[in-house]
>>> print(open('run.cif').read())   # mmCIF, C-alpha atoms and all ligand atoms
data_target
#
loop_
_atom_site.label_atom_id
_atom_site.label_comp_id
_atom_site.auth_asym_id
_atom_site.auth_seq_id
_atom_site.Cartn_x
_atom_site.Cartn_y
_atom_site.Cartn_z
CA MET A 3 -7.88 5.48 34.38
CA SER A 4 -4.26 4.63 33.85
CA LEU A 5 -3.07 1.21 32.80
CA THR A 6 0.56 0.30 32.78
CA VAL A 7 2.39 -2.29 30.76
CA SER A 8 3.03 -4.36 33.86
CA THR A 9 -0.71 -5.01 34.36
CA MET A 10 -0.99 -6.67 30.96
CA SER A 11 -0.22 -10.16 29.78
CA SER A 12 1.89 -10.49 26.66
CA LEU A 13 1.27 -12.46 23.51
CA SER A 14 3.97 -14.73 22.21
CA THR A 15 4.15 -14.93 18.44
CA SER A 16 6.71 -15.85 15.83
CA TYR A 17 6.15 -12.53 14.02
CA LYS A 18 8.70 -9.84 14.69
CA ARG A 19 7.02 -6.90 13.02
CA VAL A 20 3.49 -6.42 11.77
CA VAL A 21 1.68 -3.60 10.00
CA VAL A 22 -1.96 -3.15 11.02
CA LYS A 23 -4.11 -1.02 8.72
CA LEU A 24 -7.40 0.22 10.12
CA GLY A 25 -9.98 1.48 7.63
CA THR A 26 -12.45 4.27 8.31
CA SER A 27 -15.16 1.60 8.39
CA VAL A 28 -13.49 0.00 11.44
CA LEU A 29 -12.68 3.24 13.25
CA THR A 30 -16.22 4.60 12.92
CA SER A 31 -17.97 1.21 13.23
CA GLY A 32 -20.03 2.30 10.24
CA GLY A 33 -21.25 5.47 11.99
CA GLU A 34 -20.27 9.11 11.57
CA CYS A 35 -17.93 9.48 14.55
CA LEU A 36 -14.78 7.73 15.73
CA ASP A 37 -15.73 4.73 17.85
CA ARG A 38 -13.37 5.38 20.75
CA ALA A 39 -14.44 2.32 22.70
CA HIS A 40 -13.42 0.11 19.80
CA MET A 41 -10.18 2.04 19.30
CA VAL A 42 -9.26 1.21 22.92
CA GLU A 43 -9.86 -2.47 22.27
CA LEU A 44 -7.66 -2.41 19.16
CA VAL A 45 -4.89 -0.63 21.06
CA ARG A 46 -5.18 -3.23 23.83
CA GLN A 47 -4.51 -5.97 21.28
CA MET A 48 -1.59 -4.11 19.70
CA ALA A 49 -0.11 -3.37 23.12
CA ARG A 50 -0.25 -7.08 24.01
CA LEU A 51 1.53 -7.87 20.82
CA LYS A 52 4.21 -5.31 21.45
CA ARG A 53 4.72 -6.64 24.95
CA GLY A 54 5.24 -10.10 23.48
CA GLY A 55 8.18 -8.75 21.45
CA CYS A 56 6.41 -8.05 18.16
CA GLU A 57 6.77 -4.52 16.83
CA VAL A 58 3.61 -2.87 15.56
CA ILE A 59 3.17 -0.19 12.91
CA LEU A 60 -0.27 1.31 12.62
CA VAL A 61 -1.59 2.67 9.33
CA THR A 62 -4.71 4.58 10.24
CA SER A 63 -7.47 6.07 8.13
CA GLY A 64 -10.13 8.21 9.76
CA ALA A 65 -8.72 11.76 9.45
CA ILE A 66 -11.56 12.89 7.20
CA ALA A 67 -14.17 11.24 9.43
CA ALA A 68 -12.58 12.82 12.52
CA GLY A 69 -12.61 16.23 10.81
CA ARG A 70 -16.29 15.89 9.97
CA GLU A 71 -17.02 14.87 13.52
CA HIS A 72 -15.08 17.75 15.04
CA LEU A 73 -16.78 20.34 12.82
CA GLY A 74 -20.24 18.96 13.59
CA GLN A 75 -20.87 17.03 10.33
CA PRO A 76 -20.94 20.15 8.10
CA SER A 77 -22.54 19.86 4.67
CA LEU A 78 -19.73 20.59 2.25
CA PRO A 79 -19.33 20.11 -1.48
CA ASN A 80 -18.02 16.64 -2.25
CA ASN A 81 -14.72 17.84 -3.70
CA VAL A 82 -11.01 17.47 -3.03
CA ALA A 83 -10.67 20.85 -1.28
CA SER A 84 -13.36 19.90 1.29
CA LYS A 85 -11.75 16.53 1.95
CA GLN A 86 -8.33 18.13 2.36
CA MET A 87 -9.75 20.69 4.75
CA LEU A 88 -11.50 17.95 6.77
CA ALA A 89 -8.32 15.86 6.82
CA ALA A 90 -6.29 18.86 8.04
CA VAL A 91 -8.74 19.35 10.92
CA GLY A 92 -9.22 15.67 11.63
CA GLN A 93 -5.63 14.41 11.49
CA SER A 94 -4.61 16.24 14.64
CA HIS A 95 -7.63 14.88 16.52
CA LEU A 96 -7.00 11.40 15.21
CA ILE A 97 -3.36 11.33 16.27
CA GLN A 98 -4.30 12.82 19.65
CA GLN A 99 -6.71 9.94 20.20
CA TRP A 100 -4.10 7.34 19.28
CA GLU A 101 -1.46 9.02 21.40
CA HIS A 102 -3.78 9.09 24.38
CA LEU A 103 -4.81 5.46 23.98
CA PHE A 104 -1.29 4.09 23.46
CA ASN A 105 -0.08 6.17 26.41
CA LEU A 106 -2.59 4.36 28.60
CA TYR A 107 -0.56 1.26 27.87
CA GLY A 108 2.73 3.00 28.50
CA MET A 109 3.60 3.29 24.82
CA HIS A 110 4.79 6.26 22.78
CA VAL A 111 3.72 6.98 19.23
CA GLY A 112 5.34 8.86 16.34
CA GLN A 113 3.36 10.28 13.45
CA MET A 114 4.46 9.84 9.83
CA LEU A 115 2.36 11.50 7.14
CA LEU A 116 3.43 10.36 3.69
CA THR A 117 2.58 10.94 0.06
CA ARG A 118 3.77 9.04 -2.97
CA ALA A 119 6.16 11.91 -3.69
CA ASP A 120 8.00 11.07 -0.46
CA LEU A 121 8.72 7.60 -1.81
CA ASP A 122 9.22 8.49 -5.46
CA ASP A 123 12.93 8.71 -5.66
CA ARG A 124 14.97 6.06 -4.04
CA GLU A 125 16.81 8.44 -1.73
CA ARG A 126 13.59 9.82 -0.25
CA TYR A 127 12.27 6.27 0.02
CA LEU A 128 15.36 5.29 2.00
CA ASN A 129 15.00 8.40 4.20
CA ALA A 130 11.44 7.44 5.09
CA LYS A 131 12.69 3.94 5.78
CA ASP A 132 15.36 5.28 8.14
CA THR A 133 12.80 7.29 10.10
CA LEU A 134 10.49 4.33 10.41
CA HIS A 135 13.29 2.10 11.63
CA ALA A 136 14.54 4.76 14.04
CA LEU A 137 11.07 4.92 15.64
CA LEU A 138 10.92 1.13 15.89
CA ASN A 139 14.42 0.90 17.34
CA PHE A 140 13.34 3.33 20.01
CA GLY A 141 10.31 1.23 20.90
CA ILE A 142 7.91 3.83 19.50
CA VAL A 143 4.78 2.83 17.57
CA PRO A 144 4.84 4.54 14.15
CA ILE A 145 1.40 5.79 13.17
CA VAL A 146 1.10 6.43 9.46
CA ASN A 147 -1.52 8.12 7.31
CA GLU A 148 -1.44 9.78 3.94
CA ASN A 149 -0.68 13.50 4.13
CA ASP A 150 -4.12 14.24 2.69
CA ALA A 151 -3.97 17.97 3.35
CA VAL A 152 -1.23 18.47 0.76
CA ALA A 153 -1.66 15.45 -1.49
CA THR A 154 -2.70 16.35 -5.01
CA ALA A 155 -3.61 13.79 -7.64
CA GLU A 156 -0.01 13.62 -8.90
CA ILE A 157 1.62 12.92 -5.56
CA LYS A 158 -0.88 10.93 -3.58
CA VAL A 159 -0.99 7.19 -3.04
CA GLY A 160 -4.74 7.66 -2.91
CA ASP A 161 -5.80 5.02 -0.47
CA ASN A 162 -4.44 3.63 2.74
CA ASP A 163 -4.57 0.02 1.57
CA ASN A 164 -1.81 0.64 -0.98
CA LEU A 165 -0.05 2.92 1.50
CA SER A 166 0.00 0.10 4.05
CA ALA A 167 1.68 -2.23 1.54
CA LEU A 168 4.36 0.42 0.94
CA VAL A 169 4.80 0.81 4.67
CA ALA A 170 5.06 -2.95 5.15
CA MET A 171 7.90 -2.96 2.62
CA LEU A 172 9.58 0.08 4.16
CA ALA A 173 9.38 -1.58 7.55
CA ASP A 174 10.51 -5.02 6.32
CA ALA A 175 7.40 -6.30 8.08
CA ASP A 176 6.62 -9.98 8.22
CA LYS A 177 2.85 -9.57 8.16
CA LEU A 178 0.32 -7.07 6.85
CA ILE A 179 -3.12 -7.04 8.45
CA LEU A 180 -5.88 -5.10 6.67
CA LEU A 181 -8.88 -4.66 8.94
CA THR A 182 -12.20 -3.61 7.49
CA ASP A 183 -15.96 -3.96 7.94
CA GLN A 184 -16.24 -7.36 6.18
CA GLN A 185 -14.95 -10.77 7.20
CA GLY A 186 -12.53 -10.73 4.27
CA LEU A 187 -12.67 -11.05 0.49
CA PHE A 188 -15.94 -12.55 -0.72
CA THR A 189 -16.90 -13.97 -4.10
CA ALA A 190 -18.89 -10.71 -4.59
CA ASP A 191 -19.59 -7.59 -2.55
CA PRO A 192 -21.58 -8.99 0.39
CA ARG A 193 -23.45 -5.70 0.77
CA SER A 194 -25.27 -6.30 -2.48
CA ASN A 195 -24.87 -10.10 -2.72
CA PRO A 196 -25.99 -11.87 0.45
CA GLN A 197 -25.11 -15.23 -1.17
CA ALA A 198 -21.45 -14.24 -1.55
CA GLU A 199 -18.98 -16.60 0.11
CA LEU A 200 -15.82 -15.86 2.01
CA ILE A 201 -12.58 -16.82 0.27
CA SER A 202 -10.31 -18.08 2.99
CA GLU A 203 -7.00 -18.45 1.17
CA VAL A 204 -5.42 -16.89 -1.91
CA ASN A 205 -2.11 -18.07 -3.34
CA ARG A 206 -2.00 -15.89 -6.45
CA ILE A 207 -4.01 -12.82 -7.31
CA THR A 208 -5.46 -13.43 -10.74
CA ASP A 209 -7.54 -11.25 -13.07
CA GLU A 210 -10.60 -13.37 -12.15
CA LEU A 211 -10.08 -12.57 -8.49
CA ARG A 212 -9.70 -8.86 -9.27
CA LYS A 213 -13.09 -8.94 -10.96
CA LEU A 214 -14.69 -10.08 -7.70
CA ALA A 215 -13.34 -7.16 -5.74
CA GLY A 216 -15.56 -4.11 -5.98
CA GLY A 217 -15.22 -0.55 -4.73
CA SER A 218 -16.20 0.75 -1.34
CA GLY A 219 -19.80 -0.01 -0.45
CA SER A 220 -19.95 2.96 1.95
CA ASN A 221 -19.35 6.65 1.35
CA LEU A 222 -16.70 6.76 4.05
CA GLY A 223 -14.21 4.19 2.76
CA THR A 224 -11.84 4.68 -0.16
CA GLY A 225 -11.18 1.95 -2.67
CA GLY A 226 -13.10 -0.98 -1.20
CA MET A 227 -11.76 -4.49 -1.86
CA ALA A 228 -10.14 -3.46 -5.15
CA THR A 229 -7.41 -1.46 -3.39
CA LYS A 230 -7.03 -4.13 -0.71
CA LEU A 231 -6.25 -6.65 -3.45
CA GLN A 232 -3.73 -4.26 -5.03
CA ALA A 233 -2.07 -3.92 -1.63
CA ALA A 234 -2.09 -7.67 -1.09
CA ASP A 235 -0.51 -8.16 -4.51
CA VAL A 236 2.35 -5.75 -3.78
CA ALA A 237 2.98 -7.19 -0.31
CA GLN A 238 2.82 -10.81 -1.50
CA ARG A 239 5.44 -10.10 -4.13
CA ALA A 240 7.64 -8.50 -1.51
CA GLY A 241 7.39 -11.75 0.47
CA ILE A 242 4.97 -10.43 3.08
CA PRO A 243 1.87 -12.50 3.91
CA VAL A 244 -1.37 -10.54 4.15
CA ALA A 245 -4.68 -10.99 5.94
CA ILE A 246 -7.92 -9.15 5.29
CA ALA A 247 -10.30 -9.53 8.19
CA ALA A 248 -13.07 -7.83 10.12
CA GLY A 249 -11.86 -5.22 12.59
CA HIS A 250 -14.76 -6.02 14.88
CA SER A 251 -14.12 -9.76 15.20
CA GLU A 252 -13.19 -10.45 18.77
CA GLY A 253 -9.43 -10.40 19.36
CA VAL A 254 -8.84 -10.34 15.61
CA ILE A 255 -5.27 -9.01 15.68
CA GLU A 256 -4.25 -11.40 18.43
CA ARG A 257 -5.82 -14.37 16.66
CA LEU A 258 -4.15 -13.50 13.35
CA VAL A 259 -0.67 -13.26 14.79
CA LEU A 260 -1.20 -16.52 16.63
CA GLY A 261 -1.71 -18.11 13.22
CA GLU A 262 -5.46 -18.67 13.46
CA SER A 263 -7.20 -18.69 10.10
CA VAL A 264 -9.37 -15.58 10.21
CA GLY A 265 -10.74 -13.79 7.15
CA THR A 266 -8.82 -14.10 3.89
CA ARG A 267 -5.18 -15.10 3.94
CA PHE A 268 -2.76 -14.26 1.12
CA CYS A 269 0.41 -16.34 1.11
CA ALA A 270 3.74 -14.63 0.51
CA ASP A 271 5.62 -15.40 -2.69
CA ALA A 272 8.31 -17.98 -2.11
CA GLN A 273 10.79 -15.91 -4.11
CA PRO A 274 10.25 -12.30 -3.10
CA LEU A 275 11.57 -9.42 -5.18
CA ASP A 276 14.81 -7.87 -4.00
CA ALA A 277 14.74 -4.50 -2.22
CA ARG A 278 15.34 -2.40 -5.31
CA LYS A 279 12.60 -4.14 -7.29
CA GLN A 280 10.23 -3.80 -4.35
CA TRP A 281 10.73 -0.07 -4.49
CA LEU A 282 10.15 -0.07 -8.24
CA LEU A 283 6.97 -2.06 -7.79
CA ALA A 284 5.61 0.13 -5.10
CA ALA A 285 6.68 3.66 -5.19
CA PRO A 286 7.52 5.60 -8.27
CA SER A 287 5.19 7.45 -10.51
CA SER A 288 6.62 7.17 -14.00
CA ALA A 289 8.13 9.95 -16.06
CA GLY A 290 7.19 8.42 -19.39
CA SER A 291 6.40 5.17 -21.14
CA VAL A 292 7.50 2.94 -23.98
CA THR A 293 5.34 0.60 -26.02
CA VAL A 294 6.99 -2.68 -26.90
CA ASP A 295 6.26 -5.35 -29.53
CA GLU A 296 5.05 -8.85 -28.78
CA GLY A 297 8.49 -10.41 -29.01
CA ALA A 298 9.72 -8.01 -26.35
CA VAL A 299 6.70 -8.77 -24.13
CA ARG A 300 7.57 -12.47 -24.30
CA ALA A 301 11.25 -11.84 -23.63
CA LEU A 302 10.50 -9.66 -20.59
CA VAL A 303 7.65 -11.66 -19.09
CA ASP A 304 8.62 -15.25 -19.92
CA LYS A 305 12.40 -15.09 -19.98
CA GLY A 306 13.13 -12.23 -17.57
CA SER A 307 15.29 -10.51 -20.22
CA SER A 308 16.35 -6.87 -20.41
CA LEU A 309 14.47 -4.55 -22.77
CA LEU A 310 16.45 -3.74 -25.92
CA PRO A 311 15.77 -0.70 -28.14
CA LYS A 312 14.88 -3.12 -30.92
CA GLY A 313 11.70 -4.21 -29.11
CA ILE A 314 10.42 -0.66 -28.59
CA VAL A 315 7.87 0.62 -31.09
CA ALA A 316 6.79 3.93 -29.54
CA LEU A 317 7.64 6.26 -26.71
CA SER A 318 5.92 9.04 -24.80
CA GLY A 319 7.04 11.63 -22.25
CA SER A 320 10.33 13.46 -22.05
CA PHE A 321 12.36 11.69 -19.44
CA GLN A 322 15.94 11.74 -18.23
CA ARG A 323 18.36 8.83 -18.19
CA GLY A 324 17.72 7.10 -14.84
CA ALA A 325 14.00 7.99 -14.81
CA THR A 326 11.35 5.42 -14.00
CA ILE A 327 9.25 4.54 -17.04
CA ASP A 328 6.26 2.30 -17.71
CA ILE A 329 6.53 -0.46 -20.27
CA CYS A 330 3.28 -1.06 -22.18
CA ASN A 331 2.13 -3.75 -24.58
CA HIS A 332 0.53 -2.96 -27.94
CA SER A 333 -2.91 -2.47 -26.34
CA GLY A 334 -1.54 0.08 -23.89
CA ARG A 335 -1.60 -2.14 -20.80
CA ILE A 336 1.32 -1.49 -18.44
CA ILE A 337 3.21 -4.77 -18.19
CA GLY A 338 6.28 -3.53 -16.37
CA ARG A 339 8.15 -0.64 -14.88
CA GLY A 340 11.84 0.04 -15.00
CA ILE A 341 14.67 2.52 -15.00
CA ALA A 342 15.63 3.95 -18.39
CA ARG A 343 19.29 3.68 -19.36
CA TYR A 344 18.78 6.35 -22.05
CA ASP A 345 16.93 9.65 -21.87
CA GLY A 346 13.70 9.85 -23.86
CA ALA A 347 15.10 11.97 -26.69
CA SER A 348 17.97 9.53 -27.32
CA LEU A 349 15.72 6.51 -27.00
CA ALA A 350 13.37 8.01 -29.60
CA LYS A 351 16.28 8.00 -32.06
CA ILE A 352 17.17 4.34 -31.50
CA LEU A 353 13.84 2.61 -31.08
CA GLY A 354 13.59 -0.40 -33.33
CA CYS A 355 17.39 -0.39 -33.84
CA HIS A 356 19.67 -3.37 -33.50
CA SER A 357 22.15 -3.11 -30.63
CA ASP A 358 25.10 -2.63 -33.00
CA GLN A 359 23.45 0.44 -34.61
CA ILE A 360 23.05 2.45 -31.40
CA GLU A 361 26.38 4.27 -31.52
CA GLN A 362 25.97 5.00 -35.19
CA HIS A 363 22.61 6.71 -34.54
CA LEU A 364 23.56 8.59 -31.39
CA GLY A 365 27.30 9.12 -31.68
CA PHE A 366 27.64 7.57 -28.22
CA SER A 367 26.36 4.55 -26.34
CA TYR A 368 25.39 3.70 -22.78
CA GLY A 369 25.26 0.05 -23.74
CA THR A 370 22.87 -2.19 -25.59
CA VAL A 371 19.89 -2.21 -23.24
CA ALA A 372 17.13 0.36 -22.82
CA VAL A 373 16.02 -1.04 -19.45
CA HIS A 374 18.20 -3.59 -17.70
CA ARG A 375 16.48 -6.61 -16.18
CA ASN A 376 17.95 -5.76 -12.76
CA ASP A 377 16.11 -2.43 -12.95
CA LEU A 378 12.88 -3.89 -14.22
CA VAL A 379 9.81 -5.26 -12.52
CA ILE A 380 7.01 -7.08 -14.32
CA LEU A 381 3.55 -6.09 -13.11
N1 LIG B 1 -15.64 -9.02 -3.07
C1 LIG B 1 -15.80 -8.24 -1.98
N2 LIG B 1 -15.68 -8.78 -0.74
C2 LIG B 1 -15.82 -8.03 0.36
N3 LIG B 1 -16.12 -6.71 0.34
C3 LIG B 1 -16.25 -6.09 -0.86
C4 LIG B 1 -16.10 -6.84 -2.08
N4 LIG B 1 -16.25 -5.96 -3.10
C5 LIG B 1 -16.50 -4.76 -2.59
N5 LIG B 1 -16.48 -4.80 -1.22
C6 LIG B 1 -16.75 -3.65 -0.35
O1 LIG B 1 -15.55 -3.19 0.23
C7 LIG B 1 -15.90 -2.54 1.46
C8 LIG B 1 -14.65 -2.35 2.33
O2 LIG B 1 -13.82 -1.36 1.76
P1 LIG B 1 -13.84 0.16 2.27
O3 LIG B 1 -15.25 0.65 2.30
O4 LIG B 1 -12.85 0.91 1.47
O5 LIG B 1 -13.42 -0.04 3.79
P2 LIG B 1 -12.21 0.48 4.67
O6 LIG B 1 -12.65 1.80 5.20
O7 LIG B 1 -12.11 -0.56 5.74
O8 LIG B 1 -10.98 0.55 3.81
C9 LIG B 1 -16.96 -3.44 2.04
O9 LIG B 1 -17.79 -2.80 2.94
C10 LIG B 1 -17.68 -3.96 0.80
O10 LIG B 1 -18.89 -3.26 0.58
N1 LIG B 2 -6.38 9.19 4.48
C1 LIG B 2 -7.84 9.12 4.58
C2 LIG B 2 -8.34 7.72 4.38
C3 LIG B 2 -8.13 7.14 3.01
C4 LIG B 2 -8.57 5.68 2.92
O1 LIG B 2 -7.96 4.87 2.23
O2 LIG B 2 -9.66 5.36 3.67
P1 LIG B 2 -10.09 3.82 3.98
O3 LIG B 2 -10.59 3.16 2.71
O4 LIG B 2 -11.18 3.96 4.98
O5 LIG B 2 -8.92 3.09 4.54
C5 LIG B 2 -8.28 9.57 5.99
O6 LIG B 2 -7.46 9.52 6.92
O7 LIG B 2 -9.44 9.92 6.15
#
>>> encode(input="run.cif", output="structure tokens")
Amino acid sequence: MSLTVSTMSSLSTSYKRVVVKLGTSVLTSGGECLDRAHMVELVRQMARLKRGGCEVILVTSGAIAAGREHLGQPSLPNNVASKQMLAAVGQSHLIQQWEHLFNLYGMHVGQMLLTRADLDDRERYLNAKDTLHALLNFGIVPIVNENDAVATAEIKVGDNDNLSALVAMLADADKLILLTDQQGLFTADPRSNPQAELISEVNRITDELRKLAGGSGSNLGTGGMATKLQAADVAQRAGIPVAIAAGHSEGVIERLVLGESVGTRFCADAQPLDARKQWLLAAPSSAGSVTVDEGAVRALVDKGSSLLPKGIVALSGSFQRGATIDICNHSGRIIGRGIARYDGASLAKILGCHSDQIEQHLGFSYGTVAVHRNDLVIL
């Protein structure tokens, strides 16, 4: 069978670029193998979208499931090495499937396997961005997954929900669609709470809402609703609206981009963070942390001020000037992340100091702030 683009109708939408994330639960339909019939249907919808002038980026899970399938569902220890081995086997089969299916619709695909380390420093982040945009400019569908085979705890994003939010930012997407095995976010995990109700719209992600979102109810998925909410939070703040919906609802991608209310919708923030702060929010792992006093918390959170050495009470990690550091409150909760204007050793000498004492303590000064508000994002 060979379809061509000319045999298909297109779909007219106001969106210019969407990221579609497909969880393992959708790609396997809850079973042990990739559900190829359903994958065709999802590609059909994405192809229609593309034909209507909307670029599509696919973030796909399923490498581990595909590896298990290809090796005949071996019984392996449930450890990282087994998962990495399965992902190494499965990723090539997964991308082959996607390539084959998109080719049926006359479309080319390009594979991008990322880890957090690839997005950690701003230059690498911008490189990844360039590649993504080059694929899109060439009319190619980028297909992204985490590079599980090499990702260790320190360098991995860890779940494809958060990865899809990073990709949506990299791509400057105007919609992020997270497809899973539930209709959306419920008031409790519907697997264990049949009375749970679907939440159709979320303006702000609050701590109460986070408490409703549990982990994965299956042993195939990673992260469950908790990571989907983290992803929605990041995307919202970058000005990207998000939908969580069921991958098996009929025509779900088409209906979402046509503006139909399907699943749970997260509105984009009216005042999105600028590009540099988006990167800070999303990408870096931090090289150290500072603990700040309550006055500093108020100044940072309520007034949007810079962090001064005076507000810092403790410091950990040995970091360079220019490193990304976490900012914690007295109970150790990370309240922000920013770029240090002083290296850790110097900062340790001036914490608690008034601005006019800095030079006296160090014999030099890079200015009065420890983390400038332009280099600071509140979490
Ligand atoms: N409040 C909630 N609403 C909906 N689903 C929830 C909730 N809390 C936990 N879950 C679980 O999250 C699962 C979806 O996440 P996950 O298994 O990681 O799927 P995917 O492979 O699509 O990423 C659901 O099957 C459900 O059991
Ligand atoms: N990168 C892994 C999937 C990780 C993940 O987040 O899975 P899921 O929760 O099903 O989206 C894989 O390809 O198997």
>>> residues_near_point(input="run.cif", point="(-6.9, 12.5, 12.9)", cutoff="8 Å", atoms="all atoms listed in the file", output="list in words")
Gly64, Ala65, Ile66, Ala68, Gly69, Ala89, Val91, Gly92, Gln93, Ser94, His95, Leu96, Ile97, Gln98 and Gln99 of chain A
>>> residues_near_ligand(input="run.cif", ligand="ligand LIG 2 (chain B)", cutoff="7 Å", atoms="all atoms listed in the file", output="CSV table (one decimal) with C-alpha atoms, keeping the file's coordinate frame")
chain,number,residue,atom,x,y,z
A,24,LEU,CA,-7.4,0.2,10.1
A,25,GLY,CA,-10.0,1.5,7.6
A,26,THR,CA,-12.4,4.3,8.3
A,27,SER,CA,-15.2,1.6,8.4
A,62,THR,CA,-4.7,4.6,10.2
A,63,SER,CA,-7.5,6.1,8.1
A,64,GLY,CA,-10.1,8.2,9.8
A,65,ALA,CA,-8.7,11.8,9.4
A,66,ILE,CA,-11.6,12.9,7.2
A,67,ALA,CA,-14.2,11.2,9.4
A,89,ALA,CA,-8.3,15.9,6.8
A,93,GLN,CA,-5.6,14.4,11.5
A,147,ASN,CA,-1.5,8.1,7.3
A,148,GLU,CA,-1.4,9.8,3.9
A,150,ASP,CA,-4.1,14.2,2.7
A,160,GLY,CA,-4.7,7.7,-2.9
A,161,ASP,CA,-5.8,5.0,-0.5
A,162,ASN,CA,-4.4,3.6,2.7
A,163,ASP,CA,-4.6,0.0,1.6
A,222,LEU,CA,-16.7,6.8,4.0
A,223,GLY,CA,-14.2,4.2,2.8
A,224,THR,CA,-11.8,4.7,-0.2
A,225,GLY,CA,-11.2,2.0,-2.7
A,226,GLY,CA,-13.1,-1.0,-1.2
>>> residues_near_ligand(input="run.cif", ligand="ligand LIG 1 (chain B)", cutoff="8 Å", atoms="only C-alpha atoms and all ligand atoms", output="VMD selection string")
chain A and resid 24 to 28 63 162 to 163 180 to 194 198 200 214 to 230
>>> residues_around(input="run.cif", residues="segment 310-318 of chain A", least_positions_apart="3", cutoff="9 Å", atoms="all atoms listed in the file", output="PyMOL selection string")
chain A and resi 290-299+307+321+332+346+349-350+352-357+360+370-374
>>> write_last_selection(input="run.cif", atoms="C-alpha atoms", output="mmCIF file, in the coordinates of the input")
data_model
loop_
_atom_site.group_PDB
_atom_site.id
_atom_site.type_symbol
_atom_site.label_atom_id
_atom_site.label_comp_id
_atom_site.auth_asym_id
_atom_site.auth_seq_id
_atom_site.Cartn_x
_atom_site.Cartn_y
_atom_site.Cartn_z
ATOM 1 C CA GLY A 290 7.190 8.420 -19.390
ATOM 2 C CA SER A 291 6.400 5.170 -21.140
ATOM 3 C CA VAL A 292 7.500 2.940 -23.980
ATOM 4 C CA THR A 293 5.340 0.600 -26.020
ATOM 5 C CA VAL A 294 6.990 -2.680 -26.900
ATOM 6 C CA ASP A 295 6.260 -5.350 -29.530
ATOM 7 C CA GLU A 296 5.050 -8.850 -28.780
ATOM 8 C CA GLY A 297 8.490 -10.410 -29.010
ATOM 9 C CA ALA A 298 9.720 -8.010 -26.350
ATOM 10 C CA VAL A 299 6.700 -8.770 -24.130
ATOM 11 C CA SER A 307 15.290 -10.510 -20.220
ATOM 12 C CA PHE A 321 12.360 11.690 -19.440
ATOM 13 C CA HIS A 332 0.530 -2.960 -27.940
ATOM 14 C CA GLY A 346 13.700 9.850 -23.860
ATOM 15 C CA LEU A 349 15.720 6.510 -27.000
ATOM 16 C CA ALA A 350 13.370 8.010 -29.600
ATOM 17 C CA ILE A 352 17.170 4.340 -31.500
ATOM 18 C CA LEU A 353 13.840 2.610 -31.080
ATOM 19 C CA GLY A 354 13.590 -0.400 -33.330
ATOM 20 C CA CYS A 355 17.390 -0.390 -33.840
ATOM 21 C CA HIS A 356 19.670 -3.370 -33.500
ATOM 22 C CA SER A 357 22.150 -3.110 -30.630
ATOM 23 C CA ILE A 360 23.050 2.450 -31.400
ATOM 24 C CA THR A 370 22.870 -2.190 -25.590
ATOM 25 C CA VAL A 371 19.890 -2.210 -23.240
ATOM 26 C CA ALA A 372 17.130 0.360 -22.820
ATOM 27 C CA VAL A 373 16.020 -1.040 -19.450
ATOM 28 C CA HIS A 374 18.200 -3.590 -17.700
#
>>> closest_residue(input="run.cif", among="A:Leu282, A:Ala39, A:Ala289, A:Leu106", to="Gly340 of chain A", atoms="only C-alpha atoms")
A:Leu282
>>> closest_residue(input="run.cif", among="A:Leu231, A:Leu51, A:Met87, A:Ile242", to="Ala272 of chain A", atoms="all atoms listed in the file")
A:Ile242
>>> axis_aligned_box(input="run.cif", around="segment 364-373 of chain A", padding_each_side="8 Å", output="AutoDock Vina command-line options")
--center_x 21.8 --center_y 3.5 --center_z -25.6 --size_x 27.6 --size_y 27.3 --size_z 28.2
>>> closest_residue(input="run.cif", among="A:Leu134, A:Glu101, A:Asp123, A:Ser11", to="Ile59 of chain A", atoms="only C-alpha atoms")
A:Leu134
>>> closest_residue(input="run.cif", among="A:Ile145, A:Met48, A:Ala233, A:Leu309", to="Arg343 of chain A", atoms="all atoms listed in the file")
A:Leu309
>>> atom_distance(input="run.cif", atom1="atom CA of Leu29 of chain A", atom2="atom CA of Val42 of chain A")
10.5 Å
